[in-house]
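**Q** model26.cif is the file, holding mmCIF, C-alpha atoms and all ligand atoms:
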```cif
data_target
loop_
_atom_site.label_atom_id
_atom_site.label_comp_id
_atom_site.auth_asym_id
_atom_site.auth_seq_id
_atom_site.Cartn_x
_atom_site.Cartn_y
_atom_site.Cartn_z
CA MET K 246 -98.53 187.80 63.66
CA SER K 247 -100.83 189.32 61.01
CA PHE K 248 -103.50 187.31 59.26
CA PHE K 249 -103.66 189.73 56.33
CA GLN K 250 -104.44 188.22 52.91
CA ALA K 251 -104.06 190.15 49.65
CA SER K 252 -107.52 189.09 48.47
CA PHE K 253 -110.47 187.30 50.05
CA GLU K 254 -114.24 187.05 50.37
CA ALA K 255 -115.98 186.90 53.74
CA ARG K 256 -119.53 186.56 55.04
CA SER K 257 -120.99 186.34 58.50
CA ALA K 258 -124.47 185.47 59.71
CA ALA K 259 -126.77 187.79 61.65
CA VAL K 260 -126.93 185.85 64.91
CA ARG K 261 -127.67 187.23 68.38
CA VAL K 262 -125.34 185.71 70.98
CA ARG K 263 -125.60 186.12 74.76
CA PHE K 264 -122.87 184.68 76.90
CA GLY K 265 -122.59 184.25 80.66
CA ALA K 266 -123.12 181.93 83.61
CA GLY K 267 -126.88 181.81 84.27
CA ILE K 268 -127.77 183.52 80.96
CA ARG K 269 -130.40 180.82 80.28
CA HIS K 270 -132.62 182.67 82.77
CA PHE K 271 -133.04 185.39 80.12
CA LEU K 272 -134.78 182.96 77.76
CA THR K 273 -138.16 184.62 78.35
CA ASP K 274 -136.76 187.99 77.20
CA GLU K 275 -135.28 186.40 74.10
CA ILE K 276 -138.56 184.75 73.13
CA GLY K 277 -140.23 188.15 73.53
CA ARG K 278 -137.57 189.87 71.39
CA LEU K 279 -138.39 187.43 68.59
CA GLY K 280 -142.04 188.47 68.90
CA CYS K 281 -142.97 184.92 69.90
CA CYS K 282 -145.13 183.50 72.67
CA ARG K 283 -145.35 179.70 72.14
CA ALA K 284 -141.97 177.96 72.43
CA LEU K 285 -141.46 174.26 71.78
CA VAL K 286 -138.55 173.04 73.95
CA LEU K 287 -136.40 170.27 72.42
CA SER K 288 -133.95 167.83 74.02
CA THR K 289 -132.60 164.27 73.87
CA PRO K 290 -134.21 161.70 76.20
CA PRO K 291 -131.31 161.90 78.74
CA GLN K 292 -131.75 165.68 78.99
CA SER K 293 -135.55 165.59 79.31
CA ASP K 294 -135.44 166.77 82.95
CA SER K 295 -133.60 169.94 81.91
CA ALA K 296 -136.10 170.44 79.07
CA MET K 297 -139.02 170.07 81.50
CA GLU K 298 -137.41 172.53 83.93
CA THR K 299 -136.90 175.01 81.11
CA ALA K 300 -140.53 174.68 80.01
CA ALA K 301 -141.72 175.06 83.61
CA ALA K 302 -139.68 178.26 83.98
CA LEU K 303 -141.24 179.60 80.76
CA GLY K 304 -144.75 179.08 82.12
CA LYS K 305 -147.34 180.21 79.57
CA LEU K 306 -144.62 180.88 76.99
CA ALA K 307 -144.02 177.10 76.69
CA ALA K 308 -146.19 175.45 74.05
CA GLY K 309 -144.75 172.00 74.71
CA VAL K 310 -141.70 169.76 75.07
CA PHE K 311 -140.32 167.22 72.58
CA THR K 312 -137.56 165.04 74.07
CA GLY K 313 -136.92 162.65 71.15
CA ALA K 314 -133.79 164.25 69.63
CA THR K 315 -131.25 161.64 68.60
CA MET K 316 -127.83 161.32 66.92
CA HIS K 317 -127.58 161.98 63.15
CA THR K 318 -131.00 163.71 62.94
CA PRO K 319 -133.14 160.90 61.44
CA VAL K 320 -135.86 162.28 59.15
CA ALA K 321 -138.47 160.04 60.82
CA VAL K 322 -137.86 161.78 64.18
CA THR K 323 -137.96 165.20 62.53
CA GLU K 324 -141.33 164.41 60.94
CA LYS K 325 -142.76 163.47 64.34
CA ALA K 326 -141.33 166.65 65.87
CA VAL K 327 -142.74 168.84 63.06
CA ALA K 328 -146.18 167.27 63.59
CA HIS K 329 -145.85 167.97 67.33
CA ALA K 330 -144.78 171.58 66.69
CA LEU K 331 -147.79 172.14 64.43
CA SER K 332 -150.22 170.44 66.83
CA VAL K 333 -149.18 172.70 69.75
CA GLU K 334 -149.04 175.77 67.44
CA ALA K 335 -145.43 176.52 68.36
CA ASP K 336 -144.11 179.82 67.02
CA CYS K 337 -140.46 179.27 67.99
CA LEU K 338 -138.05 176.50 69.02
CA VAL K 339 -135.77 176.26 72.04
CA SER K 340 -133.05 173.62 71.53
CA LEU K 341 -131.43 172.68 74.82
CA GLY K 342 -128.55 170.25 74.36
CA GLY K 343 -125.67 169.22 72.12
CA GLY K 344 -125.37 168.87 68.37
CA SER K 345 -128.11 166.24 68.18
CA THR K 346 -130.74 168.50 69.74
CA THR K 347 -129.58 171.51 67.75
CA GLY K 348 -129.75 169.32 64.64
CA LEU K 349 -133.40 168.49 65.36
CA GLY K 350 -134.23 172.19 65.85
CA LYS K 351 -132.54 173.03 62.55
CA ALA K 352 -134.36 170.23 60.76
CA ILE K 353 -137.73 171.53 62.06
CA ALA K 354 -136.78 175.10 61.12
CA TYR K 355 -135.80 173.96 57.62
CA ARG K 356 -139.34 172.62 57.15
CA THR K 357 -141.32 175.30 59.02
CA ASP K 358 -139.08 178.41 59.11
CA LEU K 359 -139.73 178.68 62.87
CA PRO K 360 -137.10 180.84 64.63
CA GLN K 361 -134.64 179.00 66.88
CA ILE K 362 -133.04 179.81 70.20
CA VAL K 363 -130.23 177.37 71.01
CA ILE K 364 -128.85 176.75 74.50
CA PRO K 365 -125.78 174.57 73.81
CA THR K 366 -124.61 172.05 76.41
CA THR K 367 -121.63 170.62 74.47
CA TYR K 368 -118.89 172.24 72.40
CA ALA K 369 -120.00 170.80 69.01
CA GLY K 370 -120.71 174.26 67.54
CA SER K 371 -123.71 173.37 65.37
CA GLU K 372 -125.65 176.29 66.88
CA ALA K 373 -123.41 178.74 65.00
CA THR K 374 -123.85 177.32 61.48
CA ALA K 375 -126.45 177.15 58.71
CA ILE K 376 -125.45 173.51 58.09
CA LEU K 377 -127.87 170.64 58.62
CA GLY K 378 -126.90 166.97 58.46
CA GLN K 379 -129.78 164.48 58.41
CA THR K 380 -130.19 160.74 57.93
CA GLU K 381 -132.73 158.81 55.91
CA ASN K 382 -132.57 155.10 55.03
CA GLY K 383 -129.09 154.92 56.56
CA VAL K 384 -127.72 157.69 54.32
CA LYS K 385 -126.51 160.97 55.86
CA THR K 386 -126.76 164.06 53.68
CA THR K 387 -125.76 167.63 54.45
CA LEU K 388 -127.29 170.90 53.28
CA THR K 389 -126.64 174.58 53.93
CA ASP K 390 -129.62 176.93 54.04
CA PRO K 391 -130.26 180.29 55.77
CA ARG K 392 -133.50 178.90 57.30
CA VAL K 393 -131.35 176.46 59.29
CA GLN K 394 -129.19 179.14 60.98
CA PRO K 395 -130.37 179.66 64.58
CA GLU K 396 -131.36 183.27 65.33
CA VAL K 397 -130.26 183.35 68.99
CA ILE K 398 -127.64 181.46 71.02
CA LEU K 399 -127.48 181.54 74.81
CA TYR K 400 -124.11 180.22 76.03
CA ASP K 401 -124.42 179.34 79.71
CA ALA K 402 -121.33 177.79 81.31
CA GLU K 403 -123.43 176.40 84.17
CA LEU K 404 -124.99 173.92 81.75
CA VAL K 405 -121.74 172.38 80.46
CA ARG K 406 -120.57 171.55 83.98
CA THR K 407 -122.60 168.32 83.84
CA LEU K 408 -120.87 167.14 80.67
CA PRO K 409 -118.79 164.11 81.77
CA VAL K 410 -115.01 164.61 81.45
CA ALA K 411 -114.57 162.04 78.66
CA MET K 412 -117.29 163.71 76.58
CA THR K 413 -115.91 167.13 77.46
CA VAL K 414 -112.54 166.19 75.97
CA THR K 415 -113.85 164.59 72.77
CA SER K 416 -116.39 167.38 72.25
CA ALA K 417 -113.62 169.97 72.68
CA LEU K 418 -111.42 168.18 70.13
CA ASN K 419 -114.42 168.05 67.79
CA ALA K 420 -114.69 171.84 68.07
CA MET K 421 -110.95 172.32 67.69
CA ALA K 422 -111.05 170.30 64.47
CA HIS K 423 -113.25 172.99 62.89
CA ALA K 424 -110.71 175.66 63.81
CA ALA K 425 -107.69 173.60 62.74
CA GLU K 426 -109.12 172.90 59.28
CA ALA K 427 -110.25 176.53 58.97
CA LEU K 428 -106.58 177.58 59.14
CA TYR K 429 -105.96 176.05 55.71
CA ALA K 430 -109.48 176.29 54.24
CA GLU K 431 -109.54 177.16 50.55
CA ASN K 432 -111.96 180.06 51.26
CA ARG K 433 -110.36 181.27 54.52
CA ASN K 434 -110.18 184.99 55.21
CA PRO K 435 -108.41 187.07 57.88
CA MET K 436 -111.50 187.04 60.11
CA SER K 437 -111.93 183.25 59.94
CA THR K 438 -108.25 182.78 60.77
CA MET K 439 -108.54 185.10 63.78
CA LEU K 440 -111.58 183.17 65.00
CA ALA K 441 -109.80 179.85 64.52
CA VAL K 442 -106.62 180.90 66.33
CA GLU K 443 -108.53 182.43 69.26
CA GLY K 444 -110.76 179.34 69.49
CA LEU K 445 -107.74 177.03 69.66
CA LYS K 446 -106.11 179.27 72.28
CA ALA K 447 -109.25 179.16 74.44
CA PHE K 448 -109.30 175.35 74.48
CA ALA K 449 -105.53 175.08 75.00
CA ALA K 450 -105.79 177.35 78.05
CA ALA K 451 -109.03 176.09 79.59
CA LEU K 452 -109.48 172.40 78.74
CA PRO K 453 -106.70 171.19 81.09
CA ARG K 454 -108.34 173.18 83.91
CA VAL K 455 -111.74 171.65 83.15
CA VAL K 456 -110.24 168.14 83.13
CA ASP K 457 -108.67 168.87 86.54
CA ASN K 458 -111.88 170.33 87.92
CA PRO K 459 -115.02 169.82 85.78
CA ALA K 460 -117.00 172.15 88.05
CA ASP K 461 -114.64 175.13 87.44
CA LEU K 462 -117.17 177.62 86.10
CA GLU K 463 -114.61 180.09 84.78
CA ALA K 464 -112.72 177.39 82.85
CA ARG K 465 -116.01 175.96 81.57
CA GLY K 466 -116.89 179.46 80.38
CA GLU K 467 -113.62 179.75 78.49
CA THR K 468 -114.14 176.39 76.77
CA LEU K 469 -117.65 177.51 75.79
CA TYR K 470 -116.12 180.69 74.38
CA GLY K 471 -113.84 178.41 72.33
CA ALA K 472 -116.90 176.46 71.16
CA TRP K 473 -118.58 179.64 69.94
CA LEU K 474 -115.48 180.72 68.00
CA CYS K 475 -114.88 177.27 66.50
CA GLY K 476 -118.56 176.83 65.59
CA THR K 477 -118.68 180.27 64.00
CA VAL K 478 -115.65 179.52 61.87
CA LEU K 479 -117.22 176.22 60.78
CA GLY K 480 -120.17 178.26 59.49
CA GLN K 481 -117.87 180.52 57.46
CA VAL K 482 -115.38 178.31 55.61
CA GLY K 483 -115.16 174.88 53.98
CA MET K 484 -113.69 171.84 55.70
CA ALA K 485 -111.20 169.37 54.18
CA LEU K 486 -109.63 165.93 54.65
CA HIS K 487 -110.22 165.63 58.39
CA HIS K 488 -113.96 166.16 58.03
CA LYS K 489 -114.16 163.90 54.98
CA LEU K 490 -112.56 161.08 56.97
CA CYS K 491 -114.81 161.64 59.99
CA HIS K 492 -117.96 161.74 57.85
CA THR K 493 -116.89 158.51 56.12
CA LEU K 494 -116.13 156.74 59.41
CA GLY K 495 -119.33 157.99 61.06
CA GLY K 496 -121.60 157.50 58.07
CA SER K 497 -120.42 154.13 56.76
CA PHE K 498 -118.85 152.47 59.83
CA ASP K 499 -121.14 153.93 62.50
CA LEU K 500 -118.27 155.28 64.61
CA PRO K 501 -119.26 157.89 67.25
CA HIS K 502 -119.00 161.51 66.13
CA ALA K 503 -116.88 163.36 68.70
CA GLU K 504 -114.55 160.42 69.53
CA THR K 505 -113.78 159.89 65.84
CA HIS K 506 -112.91 163.59 65.46
CA ALA K 507 -110.64 163.38 68.49
CA ILE K 508 -108.68 160.44 67.08
CA ILE K 509 -108.42 161.55 63.44
CA LEU K 510 -107.47 165.22 63.98
CA PRO K 511 -103.71 164.84 64.71
CA HIS K 512 -103.35 162.42 61.78
CA ALA K 513 -105.19 164.68 59.34
CA LEU K 514 -103.07 167.68 60.37
CA ALA K 515 -99.87 165.66 60.02
CA TYR K 516 -101.04 164.61 56.54
CA ASN K 517 -101.62 168.21 55.45
CA GLU K 518 -98.72 169.85 57.24
CA CYS K 519 -96.21 169.08 54.47
CA ALA K 520 -98.38 171.10 52.04
CA VAL K 521 -99.19 174.07 54.31
CA PRO K 522 -96.64 174.24 57.15
CA ALA K 523 -96.92 178.02 57.52
CA LEU K 524 -100.73 177.95 57.76
CA LEU K 525 -100.57 175.33 60.53
CA ARG K 526 -97.93 177.22 62.46
CA PRO K 527 -100.46 178.65 64.95
CA VAL K 528 -101.18 175.07 66.09
CA ARG K 529 -97.48 174.51 66.84
CA ASP K 530 -97.22 177.89 68.55
CA ILE K 531 -100.32 177.32 70.72
CA PHE K 532 -99.82 173.67 71.70
CA GLY K 533 -96.00 173.57 71.55
CA GLY K 534 -94.27 170.91 69.49
CA GLU K 535 -92.21 170.25 66.39
CA SER K 536 -95.26 169.65 64.21
CA ALA K 537 -98.98 170.45 64.41
CA GLY K 538 -99.95 166.77 64.25
CA GLN K 539 -97.59 165.75 67.06
CA ALA K 540 -98.58 168.77 69.18
CA LEU K 541 -102.27 167.88 69.01
CA HIS K 542 -101.59 164.17 69.52
CA ASP K 543 -99.69 164.99 72.73
CA PHE K 544 -102.41 167.40 73.89
CA ALA K 545 -105.17 164.84 73.21
CA ARG K 546 -103.22 162.13 75.07
CA GLU K 547 -102.63 164.41 78.07
CA MET K 548 -106.37 165.20 78.17
CA GLY K 549 -107.14 161.46 78.24
CA ALA K 550 -108.76 161.38 74.77
CA PRO K 551 -109.18 158.07 72.94
CA LEU K 552 -106.30 157.57 70.50
CA ALA K 553 -107.19 154.42 68.52
CA LEU K 554 -110.10 153.69 66.18
CA LYS K 555 -109.87 150.04 67.21
CA ASP K 556 -110.97 151.12 70.70
CA LEU K 557 -114.17 152.54 69.15
CA GLY K 558 -114.91 149.07 67.73
CA MET K 559 -113.62 149.57 64.18
CA ARG K 560 -112.35 146.35 62.57
CA GLU K 561 -108.87 146.34 61.01
CA GLU K 562 -110.26 144.92 57.76
CA ASP K 563 -112.46 148.02 57.40
CA VAL K 564 -109.44 150.34 57.12
CA ALA K 565 -108.89 149.69 53.40
CA ALA K 566 -112.61 150.05 52.65
CA ALA K 567 -112.75 153.36 54.52
CA ALA K 568 -109.75 154.72 52.57
CA LYS K 569 -111.40 153.69 49.30
CA LEU K 570 -114.68 155.40 50.24
CA ALA K 571 -112.93 158.58 51.42
CA VAL K 572 -111.12 159.08 48.09
CA ALA K 573 -114.22 158.34 46.01
CA LYS K 574 -115.76 161.82 46.47
CA PRO K 575 -112.97 163.86 48.09
CA TYR K 576 -113.45 167.32 49.63
CA TRP K 577 -110.99 170.01 48.52
CA ASN K 578 -107.74 169.47 50.46
CA PRO K 579 -104.42 171.36 50.54
CA ALA K 580 -102.34 168.16 50.10
CA GLU K 581 -102.94 165.61 47.38
CA VAL K 582 -105.21 162.79 48.60
CA THR K 583 -104.43 159.24 47.47
CA ARG K 584 -105.98 155.96 48.59
CA GLU K 585 -102.55 154.59 49.53
CA LYS K 586 -101.71 157.54 51.80
CA LEU K 587 -105.15 157.54 53.38
CA GLU K 588 -104.85 153.86 54.13
CA ALA K 589 -101.54 154.52 55.90
CA LEU K 590 -103.14 157.39 57.86
CA LEU K 591 -106.13 155.25 58.88
CA LYS K 592 -103.93 152.30 59.83
CA ALA K 593 -101.99 154.53 62.22
CA ALA K 594 -105.24 156.00 63.63
CA TRP K 595 -106.72 152.50 63.97
CA ALA K 596 -103.73 151.28 65.94
CA GLY K 597 -103.32 154.46 68.02
CA ASP K 598 -99.83 155.17 66.65
CA PRO K 599 -98.47 158.73 66.67
CA PRO K 600 -99.31 160.71 63.52
CA ALA K 601 -96.78 160.67 60.68
CA SER K 602 -96.21 163.00 57.76
CA ARG K 603 -97.55 161.36 54.59
CA ASP K 604 -95.43 163.28 52.08
CA LYS K 605 -93.10 160.34 51.41
CA VAL K 606 -95.51 157.39 51.59
P1 LIG K 701 -124.99 164.93 71.30
O1 LIG K 701 -125.79 166.16 71.13
O2 LIG K 701 -125.46 163.70 70.58
O3 LIG K 701 -124.86 164.61 72.85
C1 LIG K 701 -124.32 163.39 73.29
C2 LIG K 701 -125.03 162.95 74.57
O4 LIG K 701 -124.63 163.82 75.63
C3 LIG K 701 -126.54 163.04 74.50
O5 LIG K 701 -127.08 161.95 75.15
C4 LIG K 701 -126.84 164.33 75.24
O6 LIG K 701 -128.13 164.33 75.81
C5 LIG K 701 -125.76 164.31 76.30
N1 LIG K 701 -125.40 165.65 76.79
C6 LIG K 701 -125.24 166.77 76.06
N2 LIG K 701 -124.88 167.78 76.84
C7 LIG K 701 -124.80 167.30 78.10
C8 LIG K 701 -124.46 167.89 79.36
N3 LIG K 701 -124.08 169.17 79.47
N4 LIG K 701 -124.49 167.10 80.45
C9 LIG K 701 -124.81 165.78 80.35
N5 LIG K 701 -125.13 165.18 79.19
C10 LIG K 701 -125.13 165.93 78.08
O7 LIG K 701 -123.46 165.13 70.88
P2 LIG K 701 -122.67 166.31 70.16
O8 LIG K 701 -121.29 165.82 69.99
O9 LIG K 701 -122.89 167.61 70.85
O10 LIG K 701 -123.37 166.44 68.75
C11 LIG K 701 -123.11 165.51 67.72
C12 LIG K 701 -124.02 165.76 66.55
O11 LIG K 701 -123.96 167.14 66.15
C13 LIG K 701 -123.65 164.94 65.33
O12 LIG K 701 -124.82 164.42 64.73
C14 LIG K 701 -122.97 165.94 64.41
O13 LIG K 701 -123.08 165.58 63.05
C15 LIG K 701 -123.73 167.21 64.75
N6 LIG K 701 -122.99 168.44 64.45
C16 LIG K 701 -123.48 169.25 63.49
C17 LIG K 701 -122.83 170.43 63.17
C18 LIG K 701 -123.43 171.34 62.13
O14 LIG K 701 -122.94 172.46 61.94
N7 LIG K 701 -124.47 170.92 61.44
C19 LIG K 701 -121.66 170.80 63.84
C20 LIG K 701 -121.16 169.94 64.83
C21 LIG K 701 -121.83 168.75 65.14
#
```
Any chance you could give the structure as structure tokens?

**A**
Amino acid sequence: MSFFQASFEARSAAVRVRFGAGIRHFLTDEIGRLGCCRALVLSTPPQSDSAMETAAALGKLAAGVFTGATMHTPVAVTEKAVAHALSVEADCLVSLGGGSTTGLGKAIAYRTDLPQIVIPTTYAGSEATAILGQTENGVKTTLTDPRVQPEVILYDAELVRTLPVAMTVTSALNAMAHAAEALYAENRNPMSTMLAVEGLKAFAAALPRVVDNPADLEARGETLYGAWLCGTVLGQVGMALHHKLCHTLGGSFDLPHAETHAIILPHALAYNECAVPALLRPVRDIFGGESAGQALHDFAREMGAPLALKDLGMREEDVAAAAKLAVAKPYWNPAEVTREKLEALLKAAWAGDPPASRDKV
């Protein structure tokens, strides 16, 4: 199958990527390549031991450790971290963790222009984009800026082995959502489609093996490969209805990031499939099924993913409010978005029903 398009625009970021089990041990070389000598290591509180170990291994190259990274990148935390970075005279950042830690590194870089080396430990993919989401006074805003794009990524499969299976599955579906929406992105190009298809294939092949045996280093490596591809594609093209719904549910109803992605994805694809069936064909081909939405729903269920928003604590009476908010400032989407259809989609996702096409609602 060719991904040729008669006309397109494409751009890709200058990012150095090193991939391999144990590759984190080359961190010292990478700091040197950047011409730096005082790294500030970042993590969340639960990953502080790993951050301390990393700093200890760096020896004199470590300027300090900041372990306060938290979900949604609150500006107050960033300001503390920037003050810390300045006080220890850091000349580069090492973000060791998932999207929350990477988000903190990006937020510091946005304010200081310090170079970033990211060592991802989930599949979220933030390390491969110039996108920064941050929260202030309960409002989450997103910006795209070249200063935010990490310069170096070290993908080390040994570090994702500790990710619990439930988080592994939702994080993988979060990554796959970037690839799935990239297939029909308004500004897609042949390269982004190739990345998206290969990213989905990697997760389809490796995630079941990781669920069977979370310590399987080769399968972990293949899922991390999928994360790189899906994150890279997120950095290249715009997202649509699925991401709008997830941002609404996360931002206004405080639902957890990766779990919400996992639940919404099959429903969003089913919604859009009537408008772009040919563009979503790779999803049917890779996961096997009559429709992309059903195929991903079945895959998510087999992987043990959560299927119902009610199980994340969302109240049924919030469904209508969420649909209203999501249509207020819609993202570009291949199928027409109406409040009525979104409410039907969200009702099904709330209850955990299989996804349905929305073309006749
Ligand atoms: P996370 O970074 O919040 O991690 C969740 C929890 O898992 C944390 O407590 C973390 O310490 C722990 N953890 C991470 N890796 C682990 C491992 N290997 N073993 C054990 N525990 C581990 O979650 P996430 O889903 O990776 O990131 C979500 C955040 O990333 C959201 O704020 C989202 O908006 C953002 N994000 C941003 C982009 C972007 O391009 N800007 C892309 C994707 C996600």

**Q** Find the distance between atom CA of Pro511 of chain K and atom CA of Glu431 of chain K and write it in Å to one decimal.

**A**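 Spanning atom CA of Pro511 of chain K to atom CA of Glu431 of chain K is a straight-line distance of 19.7 Å.
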
**Q** Take the point (-122.5, 168.3, 72.4) as written in the file and pick out every residue within 6 Å of it, counting all atoms listed in the file; give the list as a PyMOL selection string.

**A** chain K and resi 343-344+366-369

**Q** Rounded to one decimal in Å, what is the spacing between atom CA of Arg261 of chain K and atom CA of Glu334 of chain K?

**A**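 Atom-to-atom, atom CA of Arg261 of chain K to atom CA of Glu334 of chain K, that is 24.3 Å.
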
**Q** Can you list, as a list in words, every protein, DNA or RNA residue that comes within 9 Å of Phe532 of chain K when you count all atoms listed in the file, leaving out same-chain residues fewer than 5 positions away?

**A** Leu445, Lys446, Ala449, Pro527, Ala537, Ala540, Leu541, Asp543 and Phe544 of chain K

**Q** With distances taken over all atoms listed in the file, which of K:Ile398, K:Cys491, K:Ala255, K:Ala354 is nearest to ligand LIG 701 (chain K)?

**A**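 Of K:Ile398, K:Cys491, K:Ala255, K:Ala354, the one nearest ligand LIG 701 (chain K) is K:Cys491, counting all atoms listed in the file.
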
**Q** Between K:Ala284, K:Ala553, K:Leu479, K:Met436, single out the one closest to ligand LIG 701 (chain K), counting only C-alpha atoms and all ligand atoms.

**A**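 With only C-alpha atoms and all ligand atoms as the atom set, the closest residue is K:Leu479.
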
**Q** Give the answer as one residue: which of K:Ala594, K:Ala375, K:Ala328, K:Val384 has the shortest atom-to-atom distance to ligand LIG 701 (chain K), using only C-alpha atoms and all ligand atoms?

**A** K:Ala375

**Q** Could you report the residues within 8 Å of ligand LIG 701 (chain K), using all atoms listed in the file, as a PyMOL selection string?

**A** chain K and resi 288-292+315-318+342-348+365-378+387+404-409+412+416+419-420+476+479-480+502-503

**Q** Find the residues near Val286 of chain K: any atom within 10 Å, counting all atoms listed in the file, skip ones fewer than 6 places away on the same chain, and give them as a list in words.

**A** Ser293, Ser295, Ala296, Met297, Thr299, Ala300, Leu303, Ala307, Ala308, Gly309, Val310, Phe311, Thr312, Ala330, Ala335, Cys337, Leu338, Val339, Ser340, Leu341, Thr346, Gly350, Ile362 and Val363 of chain K

**Q** For Met439 of chain K, which residue among K:Lys555, K:Val478, K:Glu467, K:Leu462 is the nearest when counting all atoms listed in the file?

**A** K:Val478

**Q** Tell me which protein, DNA and RNA residues are within 12 Å of Ala450 of chain K, counting all atoms listed in the file, leaving out same-chain ones fewer than 6 positions away, and put them as a list of chain:residue names.

**A**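 The filter keeps K:Glu443, K:Gly444, K:Val456, K:Glu463, K:Ala464, K:Arg465, K:Gly466, K:Glu467, K:Thr468, K:Tyr470, K:Gly471, K:Ile531, K:Phe532, K:Phe544.
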
**Q** From the set K:Asp390, K:Glu403, K:Glu426, K:Asp358, which residue has the shortest atom-to-atom contact distance to Trp577 of chain K, counting all atoms listed in the file?

**A** K:Glu426

**Q** Taking all atoms listed in the file into account, name the residue in K:Leu552, K:Val333, K:Pro501, K:Ala302 that is nearest to Arg283 of chain K.

**A**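 Smallest separation from Arg283 of chain K among the options: K:Val333.
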
**Q** Please, what distance in Å, to one decimal, runs between atom CA of Val572 of chain K and atom CA of Thr477 of chain K?

**A** 27.6 Å

**Q** Mind working out the centre and edge lengths of an axis-aligned box for segment 273-276 of chain K, all listed atoms inside, 5 Å added to each side, rounded to one decimal in Å and written as lines of an AutoDock Vina configuration file?

**A**
```
center_x = -136.9
center_y = 186.3
center_z = 75.7
size_x = 13.3
size_y = 13.4
size_z = 15.2
```
